[in-house]
$ cat input.cif   # mmCIF, C-alpha atoms and all ligand atoms
data_model
#
loop_
_atom_site.label_atom_id
_atom_site.label_comp_id
_atom_site.auth_asym_id
_atom_site.auth_seq_id
_atom_site.Cartn_x
_atom_site.Cartn_y
_atom_site.Cartn_z
CA MET A 1462 -91.45 -11.92 92.15
CA ILE A 1463 -87.64 -11.82 92.15
CA THR A 1464 -86.07 -11.33 88.71
CA THR A 1465 -82.64 -12.38 87.56
CA MET A 1466 -80.88 -12.00 84.21
CA TRP A 1467 -79.63 -14.88 82.08
CA ASN A 1468 -77.79 -14.17 78.85
CA PRO A 1469 -76.69 -17.53 77.39
CA TRP A 1470 -75.38 -15.69 74.33
CA HIS A 1471 -74.48 -12.11 73.57
CA GLY A 1472 -74.52 -9.94 70.47
CA CYS A 1473 -77.13 -9.18 67.85
CA HIS A 1474 -77.76 -7.64 64.44
CA LYS A 1475 -79.87 -4.53 63.96
CA CYS A 1476 -83.01 -5.56 62.13
CA SER A 1477 -85.63 -2.91 62.81
CA PRO A 1478 -86.10 0.86 63.38
CA GLY A 1479 -86.20 0.16 67.13
CA CYS A 1480 -82.64 -1.17 66.95
CA LEU A 1481 -81.15 2.16 65.82
CA ASN A 1482 -79.82 3.11 69.26
CA CYS A 1483 -79.76 -0.39 70.75
CA TYR A 1484 -78.51 -0.35 74.35
CA VAL A 1485 -76.42 -3.49 73.76
CA TYR A 1486 -74.44 -1.67 71.09
CA PHE A 1487 -74.17 1.46 73.24
CA LEU A 1488 -72.87 -0.40 76.30
CA ASP A 1489 -70.52 -2.66 74.31
CA SER A 1490 -69.00 0.36 72.56
CA LYS A 1491 -67.64 1.52 75.91
CA TYR A 1492 -65.47 -1.63 75.95
CA ASN A 1493 -64.65 -1.59 72.22
CA LYS A 1494 -66.69 -4.76 71.87
CA ASP A 1495 -68.33 -5.57 68.54
CA SER A 1496 -72.01 -6.27 69.32
CA ASN A 1497 -72.50 -7.61 65.82
CA ILE A 1498 -70.60 -10.78 66.75
CA VAL A 1499 -72.82 -13.32 68.50
CA THR A 1500 -70.96 -15.40 71.09
CA LYS A 1501 -71.96 -18.13 73.51
CA SER A 1502 -71.50 -17.04 77.10
CA LYS A 1503 -68.65 -18.88 78.80
CA SER A 1504 -69.54 -17.92 82.36
CA SER A 1505 -73.33 -17.99 82.42
CA PHE A 1506 -74.54 -20.45 79.78
CA TYR A 1507 -75.50 -22.97 82.49
CA LEU A 1508 -76.51 -20.37 85.10
CA PRO A 1509 -79.96 -21.84 85.94
CA LEU A 1510 -78.31 -25.20 86.77
CA LYS A 1511 -75.60 -23.81 89.03
CA ARG A 1512 -75.74 -24.92 92.66
CA ASP A 1513 -74.32 -23.52 95.89
CA LYS A 1514 -72.18 -25.44 98.41
CA GLN A 1515 -75.29 -26.90 100.03
CA GLY A 1516 -76.39 -28.32 96.69
CA ASN A 1517 -79.28 -25.90 96.23
CA PHE A 1518 -79.85 -24.13 92.96
CA LYS A 1519 -78.35 -20.64 93.07
CA ILE A 1520 -81.48 -19.30 91.37
CA PRO A 1521 -84.34 -20.10 93.76
CA SER A 1522 -87.73 -21.44 92.70
CA ASN A 1523 -90.32 -19.00 91.41
CA THR A 1524 -87.70 -16.55 90.17
CA GLU A 1525 -88.44 -14.79 86.89
CA VAL A 1526 -85.46 -15.27 84.58
CA ALA A 1527 -85.11 -12.43 82.07
CA THR A 1528 -83.56 -14.47 79.26
CA CYS A 1529 -81.43 -13.22 76.39
CA PHE A 1530 -81.72 -9.48 76.94
CA THR A 1531 -78.34 -8.80 75.28
CA SER A 1532 -79.16 -10.69 72.09
CA ASP A 1533 -82.24 -12.19 70.48
CA PHE A 1534 -83.18 -15.71 71.56
CA PHE A 1535 -84.17 -16.64 68.00
CA ILE A 1536 -81.11 -15.21 66.23
CA GLU A 1537 -79.64 -17.49 63.54
CA GLU A 1538 -76.16 -17.87 65.09
CA ALA A 1539 -77.60 -19.49 68.23
CA GLU A 1540 -78.91 -22.49 66.29
CA GLU A 1541 -76.36 -24.94 67.72
CA TRP A 1542 -76.77 -23.70 71.31
CA ARG A 1543 -80.53 -23.27 71.53
CA GLN A 1544 -81.57 -26.91 72.08
CA GLU A 1545 -79.36 -27.10 75.16
CA VAL A 1546 -81.00 -23.97 76.51
CA TRP A 1547 -84.46 -25.46 75.91
CA ASP A 1548 -83.31 -28.51 77.92
CA ILE A 1549 -82.24 -26.24 80.79
CA ILE A 1550 -85.58 -24.41 80.66
CA ARG A 1551 -87.44 -27.72 80.81
CA GLN A 1552 -85.33 -28.96 83.73
CA ARG A 1553 -85.97 -25.76 85.69
CA ASN A 1554 -89.75 -25.82 85.40
CA ASP A 1555 -89.88 -24.12 88.82
CA LEU A 1556 -88.62 -20.88 87.20
CA ARG A 1557 -90.42 -18.53 84.81
CA PHE A 1558 -88.39 -17.65 81.71
CA LEU A 1559 -89.24 -14.33 80.07
CA ILE A 1560 -87.91 -14.24 76.50
CA PRO A 1561 -88.18 -11.01 74.47
CA THR A 1562 -87.79 -11.09 70.70
CA LYS A 1563 -88.04 -9.04 67.55
CA ARG A 1564 -87.70 -12.26 65.52
CA ILE A 1565 -91.01 -13.97 66.25
CA HIS A 1566 -91.12 -15.04 62.57
CA ARG A 1567 -88.36 -17.54 63.44
CA PHE A 1568 -90.18 -19.05 66.42
CA SER A 1569 -91.65 -22.12 64.69
CA SER A 1570 -88.28 -23.21 63.33
CA CYS A 1571 -86.57 -22.76 66.70
CA ILE A 1572 -88.79 -24.66 69.14
CA PRO A 1573 -87.98 -28.12 70.50
CA ASN A 1574 -89.90 -31.25 69.40
CA ASP A 1575 -91.74 -31.48 72.71
CA TRP A 1576 -92.86 -27.84 72.71
CA ALA A 1577 -96.55 -28.66 72.52
CA ASP A 1578 -96.48 -30.74 75.70
CA ASP A 1579 -94.32 -28.66 77.96
CA TYR A 1580 -92.72 -25.28 78.59
CA ASP A 1581 -95.58 -23.79 80.53
CA ASN A 1582 -92.83 -21.80 82.27
CA VAL A 1583 -91.95 -19.75 79.16
CA THR A 1584 -93.34 -16.33 78.31
CA ILE A 1585 -92.57 -14.91 74.88
CA ALA A 1586 -92.59 -11.11 74.80
CA VAL A 1587 -92.70 -9.67 71.30
CA SER A 1588 -90.98 -6.33 71.06
CA CYS A 1589 -92.33 -3.71 68.64
CA GLU A 1590 -91.63 -0.02 68.38
CA ASN A 1591 -94.20 1.34 65.92
CA GLN A 1592 -97.52 0.49 64.28
CA GLN A 1593 -95.98 -1.24 61.26
CA LYS A 1594 -93.79 -3.57 63.31
CA ALA A 1595 -96.64 -4.27 65.75
CA GLU A 1596 -98.88 -5.39 62.88
CA GLU A 1597 -96.14 -7.53 61.32
CA ARG A 1598 -95.08 -9.25 64.53
CA LEU A 1599 -98.24 -9.45 66.60
CA SER A 1600 -100.25 -11.04 63.81
CA ILE A 1601 -97.66 -13.84 63.96
CA LEU A 1602 -97.63 -13.98 67.77
CA ILE A 1603 -101.40 -14.38 67.91
CA SER A 1604 -101.25 -17.37 65.56
CA LEU A 1605 -98.64 -19.32 67.53
CA PRO A 1606 -99.05 -22.06 70.16
CA ILE A 1607 -97.51 -20.11 73.03
CA LYS A 1608 -99.11 -20.33 76.47
CA HIS A 1609 -97.88 -16.98 77.77
CA LYS A 1610 -97.66 -13.98 75.46
CA GLN A 1611 -96.62 -10.41 76.24
CA VAL A 1612 -96.01 -7.28 74.17
CA PHE A 1613 -93.05 -4.99 74.79
CA LEU A 1614 -93.52 -1.60 73.14
CA SER A 1615 -89.90 -0.74 73.50
CA PRO A 1616 -88.54 1.64 72.51
CA LEU A 1617 -91.93 3.24 71.95
CA LEU A 1618 -91.54 5.58 68.94
CA GLU A 1619 -95.18 6.49 68.28
CA TYR A 1620 -98.70 5.71 69.45
CA VAL A 1621 -99.45 2.09 68.59
CA ASP A 1622 -103.02 0.83 68.31
CA LEU A 1623 -102.95 -2.68 69.76
CA SER A 1624 -106.72 -3.15 69.79
CA PRO A 1625 -106.90 -6.08 67.30
CA TYR A 1626 -104.44 -8.04 69.44
CA LEU A 1627 -105.76 -7.01 72.84
CA LEU A 1628 -109.27 -8.13 71.98
CA THR A 1629 -108.06 -11.71 71.32
CA GLY A 1630 -107.61 -12.15 75.07
CA GLN A 1631 -104.21 -13.74 74.44
CA ILE A 1632 -101.94 -10.92 75.63
CA GLU A 1633 -101.05 -11.21 79.32
CA LEU A 1634 -99.18 -7.91 79.62
CA VAL A 1635 -98.28 -4.81 77.63
CA SER A 1636 -95.09 -3.21 78.85
CA ILE A 1637 -93.85 0.16 77.57
CA GLY A 1638 -90.37 1.64 77.66
CA GLY A 1639 -88.78 4.70 76.11
CA GLU A 1640 -85.37 4.70 74.46
CA SER A 1641 -82.28 5.12 76.64
CA TYR A 1642 -78.87 6.77 76.48
CA GLU A 1643 -77.34 9.09 73.86
CA ASN A 1644 -79.42 10.08 70.84
CA ALA A 1645 -82.55 8.59 72.42
CA ARG A 1646 -85.68 9.40 70.45
CA ILE A 1647 -88.72 10.96 72.10
CA CYS A 1648 -91.16 8.96 74.17
CA ASN A 1649 -94.34 11.02 74.47
CA PHE A 1650 -96.47 10.41 77.55
CA ASP A 1651 -99.61 11.07 75.49
CA TRP A 1652 -98.92 7.83 73.57
CA VAL A 1653 -98.38 5.96 76.83
CA LYS A 1654 -101.66 7.27 78.27
CA GLN A 1655 -103.67 6.27 75.21
CA ILE A 1656 -102.18 2.76 75.16
CA LYS A 1657 -102.97 2.41 78.87
CA ARG A 1658 -106.59 3.37 78.12
CA ASP A 1659 -106.68 0.79 75.30
CA CYS A 1660 -105.37 -1.89 77.67
CA ASP A 1661 -107.97 -0.95 80.28
CA LEU A 1662 -110.71 -1.25 77.69
CA TYR A 1663 -109.72 -4.85 76.98
CA GLN A 1664 -108.70 -5.57 80.58
CA VAL A 1665 -105.11 -6.33 79.65
CA PRO A 1666 -102.50 -5.69 82.38
CA PHE A 1667 -100.25 -2.74 81.63
CA GLN A 1668 -96.83 -1.61 82.78
CA PHE A 1669 -94.73 1.46 82.07
CA HIS A 1670 -91.25 0.23 82.88
CA GLN A 1671 -89.01 3.13 81.85
CA THR A 1672 -89.50 6.65 80.56
CA GLY A 1673 -86.52 6.67 78.22
CA SER A 1674 -83.89 9.40 78.33
CA ASN A 1675 -85.88 11.82 76.14
CA PHE A 1676 -89.33 12.08 77.68
CA VAL A 1677 -92.13 14.48 76.77
CA ARG A 1678 -94.95 15.08 79.19
CA ASP A 1679 -97.62 17.78 78.78
CA GLY A 1680 -95.55 19.38 76.03
CA ARG A 1681 -92.43 19.68 78.21
CA HIS A 1682 -89.15 17.93 77.40
CA TYR A 1683 -87.32 16.04 80.11
CA HIS A 1684 -83.80 14.60 79.77
CA ILE A 1685 -83.75 11.79 82.27
CA PRO A 1686 -80.55 9.97 83.31
CA HIS A 1687 -80.82 6.24 82.74
CA SER A 1688 -80.48 5.58 86.48
CA LYS A 1689 -83.73 7.54 87.06
CA GLU A 1690 -85.84 6.23 84.18
CA HIS A 1691 -87.39 3.36 86.15
CA ASP A 1692 -88.20 5.55 89.15
CA GLN A 1693 -89.83 8.18 86.95
CA ALA A 1694 -91.88 5.53 85.16
CA ARG A 1695 -92.98 4.11 88.53
CA LYS A 1696 -94.19 7.58 89.56
CA ALA A 1697 -95.97 7.99 86.23
CA MET A 1698 -97.66 4.60 86.77
CA LYS A 1699 -99.39 6.01 89.86
CA TYR A 1700 -100.89 8.71 87.62
CA LEU A 1701 -101.80 6.17 84.92
CA ASN A 1702 -103.53 3.91 87.42
CA ASN A 1703 -105.91 6.76 88.24
CA LEU A 1704 -106.83 7.59 84.65
S1 LIG B 1 -83.07 -7.01 68.22
FE1 LIG B 1 -82.80 -6.08 70.26
S2 LIG B 1 -80.75 -6.66 70.92
FE2 LIG B 1 -80.88 -7.01 68.71
S3 LIG B 1 -80.06 -5.13 67.79
FE3 LIG B 1 -82.28 -4.94 67.91
S4 LIG B 1 -82.66 -3.87 69.85
FE4 LIG B 1 -80.56 -4.67 69.91
#
$ encode --input "input.cif" --output "structure tokens" --more "lines below"
Ligand code: SF4
Amino acid sequence: MITTMWNPWHGCHKCSPGCLNCYVYFLDSKYNKDSNIVTKSKSSFYLPLKRDKQGNFKIPSNTEVATCFTSDFFIEEAEEWRQEVWDIIRQRNDLRFLIPTKRIHRFSSCIPNDWADDYDNVTIAVSCENQQKAEERLSILISLPIKHKQVFLSPLLEYVDLSPYLLTGQIELVSIGGESYENARICNFDWVKQIKRDCDLYQVPFQFHQTGSNFVRDGRHYHIPHSKEHDQARKAMKYLNNL
């Protein structure tokens, strides 16, 4: 499936240990931009509705739209913009919208009135970095009326036992990523391996999407440039698939 990015707003507030070295803050700092200010995107707010000269949508059907990866979809400041985005998501029901969040506790107050009847094209991916945050957020995720649920363990900071949530049969994917850029904390491959085994036990699809910049495998430390993190994780996936 083709994937494209859509960031209808930008900026976020650190709210969790996983936010310490947030990549949004790191990248914005290079342009002296204050990531703590949440702004509506001028150029891409209506991206999924944009058409080419022939009148076709620029984003073709069946594309996965990675939505709000430089903010949090459920952040308070987006209150006045969010309904319009839900309308766009409903209009483009030929696309799949992947929405990550650390603010799943705000979900119920942020959904549209017709949520129960529609929005089969939305996947909510709850991001957690350690056992405590997984327990806080996934117990909420499991209780919510969401048709497609994923777990992002990103940045993974320790082994996380997801068993109580995997056994519900509600989680469609667990995706792991290490932390990137300067000051990145360790991602230990032993944790990744054990979580993969847990997913296998409950037959939940698993993905290791990036190693992080500070990767430990078999007791050895690797400093991996961000441009190579995805490739290295892809290679590691071949090993994991043979566990
Ligand atoms: S919630 Fe996500 S985008 Fe927001 S500060 Fe934390 S890591 Fe960054």
$ residues_near_ligand --input "input.cif" --ligand "ligand LIG 1 (chain B)" --cutoff "8 Å" --atoms "only C-alpha atoms and all ligand atoms" --output "VMD selection string"
chain A and resid 1472 to 1477 1479 to 1486 1530 to 1533 1562 to 1564
$ residues_around --input "input.cif" --residues "range 1536-1551 of chain A" --least-positions-apart "5" --cutoff "10 Å" --atoms "only C-alpha atoms" --output "ChimeraX atom specification"
/A:1469-1474,1498-1501,1506-1510,1526,1556-1558,1562-1565,1567-1568,1570-1576,1579-1583
$ closest_residue --input "input.cif" --among "A:Arg1646, A:Cys1589, A:Leu1605, A:Ile1520" --to "His1682 in chain A" --atoms "only C-alpha atoms"
A:Arg1646
$ atom_distance --input "input.cif" --atom1 "CA of Asp1495 in chain A" --atom2 "CA of Tyr1642 in chain A"
18.1 Å
$ atom_distance --input "input.cif" --atom1 "CA of His1609 in chain A" --atom2 "CA of Glu1633 in chain A"
6.8 Å
$ closest_residue --input "input.cif" --among "A:Glu1597, A:Asp1513, A:Asp1578, A:Asp1679" --to "Asn1649 in chain A" --atoms "all atoms listed in the file"
A:Asp1679
$ atom_distance --input "input.cif" --atom1 "CA of Arg1695 in chain A" --atom2 "CA of Leu1559 in chain A"
20.6 Å
$ closest_residue --input "input.cif" --among "A:Phe1535, A:Trp1652, A:Phe1518, A:Trp1467" --to "Gln1592 in chain A" --atoms "all atoms listed in the file"
A:Trp1652
$ closest_residue --input "input.cif" --among "A:His1566, A:Ala1586, A:Asn1554, A:Val1635" --to "Ile1601 in chain A" --atoms "all atoms listed in the file"
A:His1566
$ residues_near_point --input "input.cif" --point "(-90.0, 9.9, 67.5)" --cutoff "12 Å" --atoms "all atoms listed in the file" --output "NGL selection string"
:A and (1478-1479 or 1481 or 1590-1591 or 1616-1620 or 1639-1640 or 1644-1650 or 1652 or 1673 or 1675-1677)
$ write_last_selection --input "input.cif" --atoms "C-alpha atoms" --output "PDB file, keeping the file's coordinate frame"
ATOM      1  CA  PRO A1478     -86.100   0.860  63.380  1.00  0.00           C
ATOM      2  CA  GLY A1479     -86.200   0.160  67.130  1.00  0.00           C
ATOM      3  CA  LEU A1481     -81.150   2.160  65.820  1.00  0.00           C
ATOM      4  CA  GLU A1590     -91.630  -0.020  68.380  1.00  0.00           C
ATOM      5  CA  ASN A1591     -94.200   1.340  65.920  1.00  0.00           C
ATOM      6  CA  PRO A1616     -88.540   1.640  72.510  1.00  0.00           C
ATOM      7  CA  LEU A1617     -91.930   3.240  71.950  1.00  0.00           C
ATOM      8  CA  LEU A1618     -91.540   5.580  68.940  1.00  0.00           C
ATOM      9  CA  GLU A1619     -95.180   6.490  68.280  1.00  0.00           C
ATOM     10  CA  TYR A1620     -98.700   5.710  69.450  1.00  0.00           C
ATOM     11  CA  GLY A1639     -88.780   4.700  76.110  1.00  0.00           C
ATOM     12  CA  GLU A1640     -85.370   4.700  74.460  1.00  0.00           C
ATOM     13  CA  ASN A1644     -79.420  10.080  70.840  1.00  0.00           C
ATOM     14  CA  ALA A1645     -82.550   8.590  72.420  1.00  0.00           C
ATOM     15  CA  ARG A1646     -85.680   9.400  70.450  1.00  0.00           C
ATOM     16  CA  ILE A1647     -88.720  10.960  72.100  1.00  0.00           C
ATOM     17  CA  CYS A1648     -91.160   8.960  74.170  1.00  0.00           C
ATOM     18  CA  ASN A1649     -94.340  11.020  74.470  1.00  0.00           C
ATOM     19  CA  PHE A1650     -96.470  10.410  77.550  1.00  0.00           C
ATOM     20  CA  TRP A1652     -98.920   7.830  73.570  1.00  0.00           C
ATOM     21  CA  GLY A1673     -86.520   6.670  78.220  1.00  0.00           C
ATOM     22  CA  ASN A1675     -85.880  11.820  76.140  1.00  0.00           C
ATOM     23  CA  PHE A1676     -89.330  12.080  77.680  1.00  0.00           C
ATOM     24  CA  VAL A1677     -92.130  14.480  76.770  1.00  0.00           C
TER      25      VAL A1677
END
$ closest_residue --input "input.cif" --among "A:Met1462, A:Val1587, A:Ile1560, A:Ile1656" --to "Asn1523 in chain A" --atoms "all atoms listed in the file"
A:Met1462
$ residues_around --input "input.cif" --residues "Leu1623 in chain A" --least-positions-apart "6" --cutoff "9 Å" --atoms "all atoms listed in the file" --output "PyMOL selection string"
chain A and resi 1592+1595-1596+1599+1656+1659-1660
